[in-house]
Amino acid sequence: MQFEDILEEVGQFGLYQRLLCFLLIPFTTGLVGIVYYTQLFVLTAPRHQCHLSSPGSFFDNQQDVFYNHVAHLVNTTEQGAPALEPFTCHQYTSNISEDFSYLLNTTSLDQLPVPGVTCTNGWEYNNTQMFPTFTSESDWVCDAAWQPYMVVSMFWVGNIIGSWIFGVLTDLIGRRIVTLVSLCLYGVAGVASVFVRNFYGFLVLRTLVGVSHHTVTHLPFVLVVEYCGVGSRTIPLLTIMISYTMASLITPVLAWAIWDWQILLAVSSAPALLIIFAYRWIPESASWQIIKGRSDDARNQLEKVAITNKRQVPYYMFNQLVTEMQDQQDSVKSNVTILTVRHYPILRMNIFLVLVIWMLACLCFYGHCQNTSNLGSDVFSSYFMGALVEVPSWGVPYIIHRFGRRIPLVTCFMLSGAASIVYTLIPAEQLALSICFGMLGRMFIAGAYYITLQYGPEIFPTVIRGQGVALCETLGGIAIFTSPMVVYLGEVQRPLPMLIMGSLSVLAGVATFLLPETSGVALPQTLAKGEAFLSKQIPTCF
């Protein structure tokens with residue numbers, strides 16, 4: 001007897017499951033998308049230059065005119081142009097030997113001598129295309145440009161820690177209470193970030209937001225899936241994909257409409273606290289209650305599902321399942337852990353490949369998301385277009401059902417890598433063409449990322465699948481932690497992030513060739529069966 005057998009009787013995807021799927025997932029996943037992209041907007045540095053006030057000398061009047069002329073050229077030069085780079089963090093000395101009449105006749109920055117002194121009077125920010133942000137108000141630019149990247153990195157450190165803590169608590173005290181705690185922490189730390197003005201305080205609060213980040217979206221998703229029958233479990237996956245992409249599309253519009261980083265941060269974080277009022281309608285997992293021996297609570301919960309779906313609870317089946325679960329818990333004494341796979345060479349190699357592919361998918365996907373602001377001159381349109389190109393990934397559930405997992409994943413990785421590498425070969429002056437290939441790279445890596453989330457867990461035998469997914473999440477979190485550092489390399493050489501992510505995508509595609517196909521086959525339950533299954537599935541091309 002399986003829990004899914006009872007779901008067939010009370011409704012596999014009736015009104016109850018639809019309400020959970022189409023209300024809970026869009027709320028939590030949409031919230032996570034908006035909070036994440038809001039953070040990127042808040043930490044974006046607007047277009048800036050050294051504050052070009054006249055340093056004072058015998059040539060005061062002439063230098064005032066010259067500095068005004070330089071400021072005009074800087075403001076009218078297209079963002080991303082190579083000629084603009086020297087003026088973002090350097091200025092001229094008080095002694096300019098060149099003839100002023102010649103300098104005032106220049107029509108582009110290329111015709112001016114390169115400034116050689118670091119900014120001494122602060123920076124001027126151009127807020128015509130980007131509102132003042134936490135980064136600009138804190139002057140986190142030039143030598144301090146590492147600070148916003150550190151905030152994002154610590155955000156993902158918090159996510160690694162929180163995934164383990166909340167993961168353990170979920171099995172100990174249930175899904176429902178952890179959902180409440182994670183959302184409350186998410187909202188309180190997010191709103192508190194509005195009122196902090198120093199680096200370390202902001203860093204700590206954004207780390208706390210990161211602690212809840214993936215739990216806020218993944219736990220409700222798992223809860224919904226646990227109430228869905230086998231034939232309808234791709235619907236929550238599609239819902240979570242659409243919800244995240246829609247949130248990614250909404251955030252640039254919301255940011256442009258509000259035009260204030262403090263209000264934007266508060267508006268994106270505060271809705272998490274609505275869970276306090278909606279908590280009474282959040283169900284506990286009935287399957288978890290059965291495993292924990294809380295059969296009365298599970299029966300009551302299934303009765304609510306049956307009533308909503310206008311069905312009946314099969315009490316004889318329920319009692320049989322409870323009895324079988326109690327017998328299994330009394331008889332099973334197993335010390336099998338994920339470390340046991342060291343005795344199974346083929347399984348061990350496949351699990352290693354899954355871990356590598358999972359890490360590369362996470363690093364490249366989030367790296368592309370964070371690097372989007374560097375692709376174009378308008379940060380709002382760049383983020384909007386970046387989210388829009390993820391829409392084709394909504395077809396992932398159909399594609400992997402029709403063509404399997406392995407070939408579509410290899411294709412997405414390779415095409416993303418190719419597009420990213422081509423991006424680095426395009427001259428900076430051809431902005432439209434470079435944006436096109438940058439967006440193609442993001443589109444294909446989004447597809448690869450979602451396929452990996454489905455494909456990876458299927459490699460693990462059932463007996464260690466939970467431990468395997470937890471390990472993937474942890475290593476994936478470490479990879480995401482490094483993604484801001486990769487993006488930061490764009491401060492050194494603009495094409496470097498895309499070159500690195502493109503190369504890693506190709507590497508992931510090659511690694512995927514070595515994996516077996518898992519579509520349409522019964523997944524192994526034990527390590528021995530997993531070894532036997534994988535030994536028959538070795539790709540013939542190798």
# chains A, B, ... in the order shown; residues from 1 in each chain; ligands from 1

call {"tool": "residues_around", "arguments": {"residues": "Leu496 in chain A", "least_positions_apart": "3", "cutoff": "12 Å", "atoms": "only C-alpha atoms", "output": "MDAnalysis selection string"}}
result
chainID A and resid 367 371 374 420:421 423:425 485:493 499:503

call {"tool": "residues_around", "arguments": {"residues": "Phe41 in chain A", "least_positions_apart": "4", "cutoff": "8 Å", "atoms": "only C-alpha atoms", "output": "list in words"}}
result
Tyr37, Thr133, Ala255 and Trp261 of chain A

call {"tool": "write_last_selection", "arguments": {"atoms": "N, CA, C and O atoms", "output": "short mmCIF file (atom, residue, chain, number, x, y, z; two decimals), in the first residue's frame"}}
result
data_model
loop_
_atom_site.label_atom_id
_atom_site.label_comp_id
_atom_site.auth_asym_id
_atom_site.auth_seq_id
_atom_site.Cartn_x
_atom_site.Cartn_y
_atom_site.Cartn_z
N TYR A 37 15.54 39.74 -7.18
CA TYR A 37 15.87 40.74 -8.20
C TYR A 37 15.83 42.16 -7.63
O TYR A 37 16.56 43.04 -8.10
N THR A 133 20.63 54.20 -5.41
CA THR A 133 20.56 52.88 -4.79
C THR A 133 21.37 52.88 -3.49
O THR A 133 22.07 53.85 -3.17
N ALA A 255 10.30 48.29 -10.06
CA ALA A 255 11.42 49.17 -9.69
C ALA A 255 11.36 50.50 -10.43
O ALA A 255 11.61 51.57 -9.86
N TRP A 261 14.80 53.00 -3.79
CA TRP A 261 15.27 51.68 -3.35
C TRP A 261 14.70 51.29 -2.00
O TRP A 261 14.47 50.09 -1.75
#

call {"tool": "closest_atom_pairs", "arguments": {"of": "range 450-498 of chain A", "to": "range 147-165 of chain A", "cutoff": "9 Å", "atoms": "only C-alpha atoms", "output": "CSV"}}
result
residue,atom,partner,partner_atom,distance
A:Ala470,CA,A:Trp164,CA,7.6
A:Glu473,CA,A:Ser163,CA,7.5
A:Thr474,CA,A:Ile160,CA,5.7
A:Leu475,CA,A:Ile160,CA,8.3
A:Gly476,CA,A:Ile160,CA,8.5
A:Gly477,CA,A:Ile160,CA,5.3
A:Ile478,CA,A:Ile160,CA,7.0
A:Ile480,CA,A:Trp156,CA,6.5
A:Phe481,CA,A:Ser153,CA,4.9
A:Thr482,CA,A:Ser153,CA,6.8
A:Ser483,CA,A:Ser153,CA,7.7
A:Pro484,CA,A:Tyr149,CA,5.6
A:Met485,CA,A:Tyr149,CA,6.8
A:Val487,CA,A:Tyr149,CA,8.4
A:Tyr488,CA,A:Tyr149,CA,6.9

call {"tool": "atom_distance", "arguments": {"atom1": "CA of Ala270 in chain A", "atom2": "CA of Trp394 in chain A"}}
result
28.4 Å

call {"tool": "residues_around", "arguments": {"residues": "Ala71 in chain A", "least_positions_apart": "6", "cutoff": "10 Å", "atoms": "only C-alpha atoms", "output": "VMD selection string"}}
result
chain A and resid 49 to 52 65 87 124

call {"tool": "write_last_selection", "arguments": {"atoms": "N, CA and C atoms", "output": "short mmCIF file (atom, residue, chain, number, x, y, z; two decimals), in the first residue's frame"}}
result
data_model
loop_
_atom_site.label_atom_id
_atom_site.label_comp_id
_atom_site.auth_asym_id
_atom_site.auth_seq_id
_atom_site.Cartn_x
_atom_site.Cartn_y
_atom_site.Cartn_z
N GLN A 49 30.78 59.00 -12.27
CA GLN A 49 32.06 59.57 -12.66
C GLN A 49 32.62 60.31 -11.46
N CYS A 50 33.90 60.63 -11.52
CA CYS A 50 34.48 61.44 -10.45
C CYS A 50 33.78 62.79 -10.38
N HIS A 51 33.63 63.29 -9.17
CA HIS A 51 33.07 64.63 -9.00
C HIS A 51 34.09 65.63 -9.54
N LEU A 52 33.78 66.23 -10.69
CA LEU A 52 34.75 67.05 -11.41
C LEU A 52 34.69 68.51 -11.01
N VAL A 65 35.55 75.45 -17.05
CA VAL A 65 34.96 75.20 -18.36
C VAL A 65 35.35 73.81 -18.86
N PHE A 87 37.10 57.22 -16.78
CA PHE A 87 36.54 58.37 -16.09
C PHE A 87 35.62 57.99 -14.93
N GLU A 124 29.89 61.63 -8.84
CA GLU A 124 28.59 62.12 -9.28
C GLU A 124 27.86 60.96 -9.96
#

call {"tool": "residues_around", "arguments": {"residues": "Val10 in chain A", "least_positions_apart": "3", "cutoff": "7 Å", "atoms": "only C-alpha atoms", "output": "list in words"}}
result
Ile6, Leu7, Val305, Ala306, Asn309, Arg311, Gln312 and Val313 of chain A

call {"tool": "write_last_selection", "arguments": {"atoms": "N, CA and C atoms", "output": "PDB file, in the first residue's frame"}}
result
ATOM      1  N   ILE A   6      -4.017   6.133  -1.789  1.00  0.00           N
ATOM      2  CA  ILE A   6      -5.064   6.867  -1.066  1.00  0.00           C
ATOM      3  C   ILE A   6      -5.389   8.167  -1.799  1.00  0.00           C
ATOM      4  N   LEU A   7      -4.353   8.812  -2.366  1.00  0.00           N
ATOM      5  CA  LEU A   7      -4.595  10.043  -3.115  1.00  0.00           C
ATOM      6  C   LEU A   7      -5.508   9.801  -4.312  1.00  0.00           C
ATOM      7  N   VAL A 305      -9.154  17.091   2.595  1.00  0.00           N
ATOM      8  CA  VAL A 305      -8.880  16.972   1.164  1.00  0.00           C
ATOM      9  C   VAL A 305     -10.070  16.340   0.453  1.00  0.00           C
ATOM     10  N   ALA A 306     -10.598  15.255   1.025  1.00  0.00           N
ATOM     11  CA  ALA A 306     -11.713  14.533   0.406  1.00  0.00           C
ATOM     12  C   ALA A 306     -12.969  15.393   0.344  1.00  0.00           C
ATOM     13  N   ASN A 309     -12.592  17.984  -2.371  1.00  0.00           N
ATOM     14  CA  ASN A 309     -12.648  17.358  -3.695  1.00  0.00           C
ATOM     15  C   ASN A 309     -13.939  16.585  -3.937  1.00  0.00           C
ATOM     16  N   ARG A 311     -14.972  13.852  -2.439  1.00  0.00           N
ATOM     17  CA  ARG A 311     -14.675  12.422  -2.489  1.00  0.00           C
ATOM     18  C   ARG A 311     -14.767  11.845  -1.073  1.00  0.00           C
ATOM     19  N   GLN A 312     -14.438  10.569  -0.944  1.00  0.00           N
ATOM     20  CA  GLN A 312     -14.492   9.886   0.343  1.00  0.00           C
ATOM     21  C   GLN A 312     -13.116   9.330   0.696  1.00  0.00           C
ATOM     22  N   VAL A 313     -12.799   9.343   1.985  1.00  0.00           N
ATOM     23  CA  VAL A 313     -11.541   8.760   2.443  1.00  0.00           C
ATOM     24  C   VAL A 313     -11.708   7.245   2.539  1.00  0.00           C
TER      25      VAL A 313
END

call {"tool": "atom_distance", "arguments": {"atom1": "CA of Leu172 in chain A", "atom2": "CA of Pro271 in chain A"}}
result
27.1 Å

call {"tool": "closest_residue", "arguments": {"among": "A:Ile451, A:Ile290, A:Leu205, A:Leu180", "to": "Ser193 in chain A", "atoms": "only C-alpha atoms"}}
result
A:Leu205

call {"tool": "atom_distance", "arguments": {"atom1": "CA of Ile357 in chain A", "atom2": "CA of Cys472 in chain A"}}
result
9.6 Å

call {"tool": "closest_residue", "arguments": {"among": "A:Cys362, A:Leu103, A:Leu43, A:Ile242", "to": "Ile445 in chain A", "atoms": "only C-alpha atoms"}}
result
A:Cys362
